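Just below is one structure, and these are the notes that go with it.
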Amino acid sequence: MEENFDLACDGHDTCYKDCDRTKSDCDREFYGRILDKCLTMSQWNPFRYDCIKIATIYYIAVHFGGKSSWKSGQVEGKCSCQ
């Protein structure tokens, strides 16, 4: 199921390098993208609820554990706001 989140993960990495975006903006957008991916599954799909749980775990991980990655992205993006 992880491969289904590749585009959202790539977008999140790119967002972290964007000097005009906050970490919270990037994290919320990331969560929205991966959650949307889960919600496109049929409500009868037995993996839908597992997908939602995994999406939530990913969001919590980047929200609480991604500060160093965001700072690195800001440096890579040549942001003065880091």
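Numbering starts fresh at 1 for the residues of each chain in the structure tokens, the chains themselves are lettered A, B, ... in the order given, and ligands are numbered from 1 as they appear.
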Exercise for review: Taking the DSSP assignment computed from this structure's backbone, write out as a VMD selection string all residues of region 19-62 of chain A that belong to helix (DSSP H, G or I).
Suggested key: chain A and resid 23 to 39 48 to 62
Checklist entry - Within 12 Å of Asp27 (chain A), counting only C-alpha atoms, which residues qualify if same-chain residues fewer than 5 places away don't, as a ChimeraX atom specification? => result /A:8-9,11-16,21-22,32-34,55-56,58-67,69-70
In Å and to one decimal, CA of Lys23 (chain A) is distant from CA of Ser68 (chain A) by 10.6 Å
Can you work out the spacing between CA of Lys37 (chain A) and CA of Asp10 (chain A) in Å, to one decimal?
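Computed distance, CA of Lys37 (chain A) to CA of Asp10 (chain A), equals 14.4 Å.
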Computed gap from CA of Ser72 (chain A) to CA of Ile57 (chain A) is 22.0 Å
